[in-house]
Amino acid sequence: MTNPSPLSSPAIAVENVTFDYPGRRALDGVSFNIPRHSITALVGPNGAGKTTLLRCLAALDLPFSGQIKILDVDTAVAPRTVHKHLGYLADTYGLYDGLTVQQSLNHAASLRALPHAEISARVIRAAQRLRITDRLTALAGTLSRGLRQRLAIAQAIIHDPAVLLLDEPASGLDPEARQDLSMLLRQLRQEGMTIIVSSHILAELEDYSSEMLILDQGRIVDHTPIKGHSIAAPRTRRLVLELGGSSDGIAAKLALEAEVSKINATGDGIEFQFSGDGTAQVNLLKRLVMQGVAVRGLWERRTSFQETYVARVRQGREENI
Amino acid sequence: MINPLLQRHLWTDFSLHKLLMVPALFGSVFALGALTVAATSADLWGFLANIGLTLFGVIVLVAGTWRAGRTIPDQKTNRTWENIRLSSLSSWQLACGELFGATSSYWYGGVICLLMVLISIAVSPATAKNIGNISIFVFLAALLTQVSALQLSLSGMGTAEHNKPVSFMACFIFSFIAPLFIRQLLDWNTATMMSKIHISQLPDVLLATWYGLPISNTSAIILSYVLMLIWGFIGLNQTMRRELQMSTPIIVWIGFVIFCLIYFAGFTFNPNTFDPNDTKNSAYSYAPWPLSIMMWFFNESFSSFSFLKEQSGALLPLAFAFCLCLCLTYFMAFWEPKDITGLRRFKAALTQKNWRHINSLYPRWLATAQISIIVGLIFLTASLRTSTHSSFTLWVGAMLLFLCRDLGIILLLSLQHRLGRRSFLAFAYLFALYVLFPGLLAATNGSDWVFIFLPGKAGSWPTAILPPLIQATMVWILVSRKWRLHAEINLARRPQSSQNLSA
C-alpha cells in the first residue's frame, strides 16, 4: 500500500476531537499524535471511549468537532482515501459463517480491490502470518473462537494497510496465539505499519507497544512512550537503596543531592525519586560509599505498565474533581 | 471480475443441491399441472403460464422482497457490514452487489418460472395477450419492491452504530407502496377517462391521460414503473454513498420529490372529468390513495369526495401534489433517523455556513416539509385568486399549520433519548390528536369544537388557522426547551485540560 504523505508527519494526528452520543459525550477534546511505524497501546476503563475513538480514526463515524488526519488525509474531507490505507478490526467483529477460510480471505481481498492476479498470493500470505493455512477449507462457522479471531485479523491486514487499528484483538486467543499475535504485530511494525491496539490485557501490550495512550471518560489522561521501545530519555526513576546497616541520617544525606526527591524509608532501605541519568547514578553511589554508608545495593524499581496505567487514571480523575 | 458482494452471495446462497433441486421441483409442479388440465378442455398453456406467473410472484415478488429488506440489517446484526463500509468498492458496486446478490437465489427460481411463461406465450398466442402484460408488470414490480425494501432498510437505520436495525416487516410492507400506488392511480385515471367516452367511440386499448395527453394504460404503468425503478436505484446509490461516508446531496432527494409531484399529478389533470351532477359514476367512488388517506385522516367528508369535484382542471393536480407531498413528509418524518447528534451536527454546519456539510446533512423530512409548505402556499394562492376556494382551501391552510405541529411532536419525542420506540410513541400521540380527542368531543356533544383537532372541520379562516397555530407554537416552544436542555447535557463536561504529556 503506497504512503501518500511525507514521512516526517505523524501517521495519525488528532486535534480537539469531540464526539457525542445522545445525552452523553463520548470523546471530549481529544488531541494526540501517533508517530509512524509505532505500536500504540490504547488503554482505558470500560466506557472510556476507546471504541468510539477507533471508529472515528477509521472514518466510520464522523466526530462532532475537531480534526482527524490519517497519513495527512482528513477523515472528514476524504474518508474513502483513509479507508484505502486502513485496516480495522472491531471489538465485536463478524464473519460469514457459510464461507470457508479461503473464501473469507478471498472476499476480503476482493473488497479491498486488490489486483485479481495477486489475490491468491495475498490469501496464502495472510493465512501464513496468522498460522491458519491448515484451515483454509474449513467453514468460518466451524472455527473455534481463537481461530475466528485469527481469521478476522488476517482479513484486516490482507491489503497491507499503512495504519492498522485493532480493537481488543487478543480477546479469545489462547496464550500461544497471543504470543504469535505479539510477534506478528512487531513484524508488521518493522515492515512499516503504524498500529493502534486497544486492549485490557496490559501485560501483553507492554511486550510490543512503543507508546501508551490512556483514555478515561472521553479524555486523554496520558500519552507516553514505553521504556525499552522509546529513544526518548526517561523523565524520572524510582531508585531503591538497600542498606547493610542503620538508615539513620542517610535520608538527610540524600536530600542534599540535587537529582533526588520524594525520599521514603522502607523496611530494608530507602526509596527515592532520581532524575539523573546512568552516570549520575554511578556518581551518587560513589559519594554515598565515600561518606561511609553501608550500601548493599542500588536498583531501579520498575513501574509496570499496569501500575503506570492505574496511577495515571487515578491522577486524571483527581485532577477533574 | 465479478462483483465481490455478488460472488459472496453466490458462495453462501447456492449449492449443487439447490441448483438441481429447484428446477426439479418446479418441473414437477408444471408436469402435475399439465397432467391435471390435459384431462379437461381447459387452456393448457394458459394454465401453465398462470402457474408460472403465480410462482414467480410468490418467489421473486414476495420472498425476494423480504430477503432484500433483510440482507443489510442481518449484516449489521452479524457485525460484517463495517468491513463492507471500509471496502474499496464504489457505491454503485455496493448497491448492485447487495441487491442482485441477496436475491440471486430467488431470481434463479423466478427465471425458471418466467421461462415457463415465455414458452406458453410462444406456443399459444391467445395466452400472450392475457399474460404478457401482467408478466411485465410483475417483473418490474418485483424489481421495484426489492430495490425499495433494500433502500428502506438502510435509510431507516442511519450509519450510527447505536442505531437499531429497522423492522423487516415495515420495510417489506412499505416496499409495495410504489407499485400499488402506480396501479391504483393509473386505473383511476383510465376509469375517469373512459367514462367520458361514448361506448361507440371506445378505443381498442384502455387509455389514460397525462396532463391531457392520451397514452395507453399499459404503457403508462410500465413507464411509471421504469421511472420509479430508476429513482429507486438512484436512491439506493445515495444511501450506499452515505454508508461509505461520501456526500449525499439533498438536491437528489428534492429532485425525486419534485419529480413525483409533477409526474404523478399529471395523471390527475383531466379537464372536465368531474361532473358534480354525475354521482352515479363509479369512477368517483374511489380516489388515488394520497388523497383518500389524507381525507380519511383529516376530513370526515372523504366518503363523498366532494372536494375532488370542487377543483377545476389545474387545481386538482396541485391539490393532489400537496397531498402526495404531505404523505412523503409524514413518511420521512417517521422513517428517517432523527437522533440529536445528527441534528446538532446539521445546526453546527448551518452556523458555520459549511455548505458542503449542510448539503449532505440536510434532513430529508425537513426538505420535504418545506416543499409541502411551498406547494400548499401555491395552491392557496391559486385557489384564492380563482375565487373557487372551498372547504378544501381551508383544509390546506389549516393543514400547513397542523403539519408544523405534528413535525414538532415527532421531533420532540426524538429528542427524548431515554425513550425506546419513539416513532411508535409519536404515532400514538398523533392518533390521539386526530382520532381520540375529536371522538371524545363528538361523544360529549362537543362536535362544534372538533375543528380544534381536525383541519377539515373548520368553517372559517379564524377557526381553521388559530387552533393549529396555537398548538404548533406551544409544541415548538417545548422543542426549543428540550433542544437547549440536550445541549447542556452534552456540554456539561467541557474539556478542561486535554493532556498530551508526551507532546
# chains A, B, ... in the order shown; residues from 1 in each chain; ligands from 1
$ closest_atom_pairs --of "chain A" --to "chain B" --cutoff "8 Å" --atoms "only C-alpha atoms" --output "JSON lines"
{"residue": "A:Asp20", "atom": "CA", "partner": "B:Thr341", "partner_atom": "CA", "distance": 6.4}
{"residue": "A:Tyr21", "atom": "CA", "partner": "B:Thr341", "partner_atom": "CA", "distance": 6.4}
{"residue": "A:Pro22", "atom": "CA", "partner": "B:Ile340", "partner_atom": "CA", "distance": 5.9}
{"residue": "A:Gly23", "atom": "CA", "partner": "B:Asn490", "partner_atom": "CA", "distance": 5.8}
{"residue": "A:Arg24", "atom": "CA", "partner": "B:Asn490", "partner_atom": "CA", "distance": 5.6}
{"residue": "A:Arg25", "atom": "CA", "partner": "B:Asn490", "partner_atom": "CA", "distance": 5.5}
{"residue": "A:Asp28", "atom": "CA", "partner": "B:Pro495", "partner_atom": "CA", "distance": 5.6}
{"residue": "A:Gly29", "atom": "CA", "partner": "B:Pro495", "partner_atom": "CA", "distance": 5.5}
{"residue": "A:Val30", "atom": "CA", "partner": "B:Ser498", "partner_atom": "CA", "distance": 6.3}
{"residue": "A:Ser31", "atom": "CA", "partner": "B:Ser498", "partner_atom": "CA", "distance": 6.9}
{"residue": "A:Phe32", "atom": "CA", "partner": "B:Asn500", "partner_atom": "CA", "distance": 6.1}
{"residue": "A:Asn33", "atom": "CA", "partner": "B:Ala503", "partner_atom": "CA", "distance": 7.9}
{"residue": "A:Ala59", "atom": "CA", "partner": "B:Gln245", "partner_atom": "CA", "distance": 7.6}
{"residue": "A:Leu60", "atom": "CA", "partner": "B:Gln245", "partner_atom": "CA", "distance": 7.2}
{"residue": "A:Asp61", "atom": "CA", "partner": "B:Ala160", "partner_atom": "CA", "distance": 7.1}
{"residue": "A:Phe64", "atom": "CA", "partner": "B:Arg345", "partner_atom": "CA", "distance": 6.3}
{"residue": "A:Pro79", "atom": "CA", "partner": "B:Gln245", "partner_atom": "CA", "distance": 6.3}
{"residue": "A:Arg80", "atom": "CA", "partner": "B:Leu244", "partner_atom": "CA", "distance": 7.2}
{"residue": "A:His83", "atom": "CA", "partner": "B:Leu86", "partner_atom": "CA", "distance": 5.4}
{"residue": "A:Lys84", "atom": "CA", "partner": "B:Ser88", "partner_atom": "CA", "distance": 6.5}
{"residue": "A:Thr92", "atom": "CA", "partner": "B:Arg79", "partner_atom": "CA", "distance": 6.7}
{"residue": "A:Tyr93", "atom": "CA", "partner": "B:Arg79", "partner_atom": "CA", "distance": 5.3}
{"residue": "A:Gly94", "atom": "CA", "partner": "B:Arg79", "partner_atom": "CA", "distance": 4.4}
{"residue": "A:Leu95", "atom": "CA", "partner": "B:Thr80", "partner_atom": "CA", "distance": 6.1}
{"residue": "A:Tyr96", "atom": "CA", "partner": "B:Thr80", "partner_atom": "CA", "distance": 7.4}
{"residue": "A:Gly98", "atom": "CA", "partner": "B:Thr12", "partner_atom": "CA", "distance": 5.5}
{"residue": "A:Leu99", "atom": "CA", "partner": "B:Thr12", "partner_atom": "CA", "distance": 6.4}
{"residue": "A:His107", "atom": "CA", "partner": "B:Pro4", "partner_atom": "CA", "distance": 6.3}
{"residue": "A:Ser110", "atom": "CA", "partner": "B:Pro4", "partner_atom": "CA", "distance": 5.8}
{"residue": "A:Leu111", "atom": "CA", "partner": "B:Ser87", "partner_atom": "CA", "distance": 5.0}
{"residue": "A:Arg112", "atom": "CA", "partner": "B:Ser88", "partner_atom": "CA", "distance": 5.0}
{"residue": "A:Ala113", "atom": "CA", "partner": "B:Ser88", "partner_atom": "CA", "distance": 5.8}
{"residue": "A:His116", "atom": "CA", "partner": "B:Met1", "partner_atom": "CA", "distance": 7.7}
{"residue": "A:Arg219", "atom": "CA", "partner": "B:Ser498", "partner_atom": "CA", "distance": 6.4}
{"residue": "A:Ile220", "atom": "CA", "partner": "B:Gln499", "partner_atom": "CA", "distance": 5.9}
{"residue": "A:Val221", "atom": "CA", "partner": "B:Gln499", "partner_atom": "CA", "distance": 6.1}
{"residue": "A:Asp222", "atom": "CA", "partner": "B:Leu501", "partner_atom": "CA", "distance": 5.9}
{"residue": "A:His223", "atom": "CA", "partner": "B:Leu501", "partner_atom": "CA", "distance": 5.6}
{"residue": "A:Thr224", "atom": "CA", "partner": "B:Ser502", "partner_atom": "CA", "distance": 5.1}
{"residue": "A:Pro225", "atom": "CA", "partner": "B:Ser502", "partner_atom": "CA", "distance": 7.2}
{"residue": "A:Asn320", "atom": "CA", "partner": "B:Gln496", "partner_atom": "CA", "distance": 7.8}
$ residues_around --residues "Ala142 in chain B" --least-positions-apart "2" --cutoff "10 Å" --atoms "only C-alpha atoms" --output "PyMOL selection string"
chain B and resi 56-65+107+136-140+144-148+175-176+179
$ write_last_selection --atoms "C-alpha atoms" --output "PDB file, in the first residue's frame"
ATOM      1  CA  PHE B  56     -42.816 -16.084  -9.875  1.00  0.00           C
ATOM      2  CA  GLY B  57     -44.888 -13.649  -7.835  1.00  0.00           C
ATOM      3  CA  VAL B  58     -44.556 -15.682  -4.655  1.00  0.00           C
ATOM      4  CA  ILE B  59     -40.831 -16.371  -5.043  1.00  0.00           C
ATOM      5  CA  VAL B  60     -39.441 -13.163  -6.504  1.00  0.00           C
ATOM      6  CA  LEU B  61     -42.025 -10.532  -5.607  1.00  0.00           C
ATOM      7  CA  VAL B  62     -42.829 -11.661  -2.061  1.00  0.00           C
ATOM      8  CA  ALA B  63     -39.933 -13.813  -0.806  1.00  0.00           C
ATOM      9  CA  GLY B  64     -37.303 -11.881  -2.835  1.00  0.00           C
ATOM     10  CA  THR B  65     -38.519  -8.571  -1.427  1.00  0.00           C
ATOM     11  CA  TRP B 107     -34.291 -14.898  -9.202  1.00  0.00           C
ATOM     12  CA  ILE B 136     -44.054  -7.450 -17.462  1.00  0.00           C
ATOM     13  CA  PHE B 137     -45.904  -5.694 -14.628  1.00  0.00           C
ATOM     14  CA  VAL B 138     -44.978  -8.374 -12.107  1.00  0.00           C
ATOM     15  CA  PHE B 139     -41.356  -8.485 -13.286  1.00  0.00           C
ATOM     16  CA  LEU B 140     -40.942  -4.708 -12.972  1.00  0.00           C
ATOM     17  CA  LEU B 144     -39.109  -2.136  -7.752  1.00  0.00           C
ATOM     18  CA  THR B 145     -40.174  -3.712  -4.446  1.00  0.00           C
ATOM     19  CA  GLN B 146     -36.756  -5.315  -3.969  1.00  0.00           C
ATOM     20  CA  VAL B 147     -34.946  -2.022  -4.596  1.00  0.00           C
ATOM     21  CA  SER B 148     -37.389  -0.267  -2.265  1.00  0.00           C
ATOM     22  CA  SER B 175     -41.775  -1.501  -0.400  1.00  0.00           C
ATOM     23  CA  PHE B 176     -45.110  -2.407  -2.007  1.00  0.00           C
ATOM     24  CA  PRO B 179     -46.159  -0.302  -7.401  1.00  0.00           C
TER      25      PRO B 179
END
$ closest_residue --among "B:Asn354, B:Asn217, B:Ser414, B:Ser423" --to "Arg183 in chain B" --atoms "only C-alpha atoms"
B:Asn217
$ atom_distance --atom1 "CA of Ala177 in chain A" --atom2 "CA of Thr40 in chain A"
20.0 Å
$ closest_residue --among "A:Arg296, A:Lys262, A:Arg36, A:Lys69" --to "Leu243 in chain A" --atoms "only C-alpha atoms"
A:Arg296
$ closest_atom_pairs --of "range 20-42 of chain A" --to "range 188-191 of chain A" --cutoff "8 Å" --atoms "only C-alpha atoms" --output "tab-separated table"
residue	atom	partner	partner_atom	distance
A:His37	CA	A:Arg189	CA	5.5
A:Ser38	CA	A:Arg189	CA	6.3
A:Ile39	CA	A:Arg189	CA	6.9
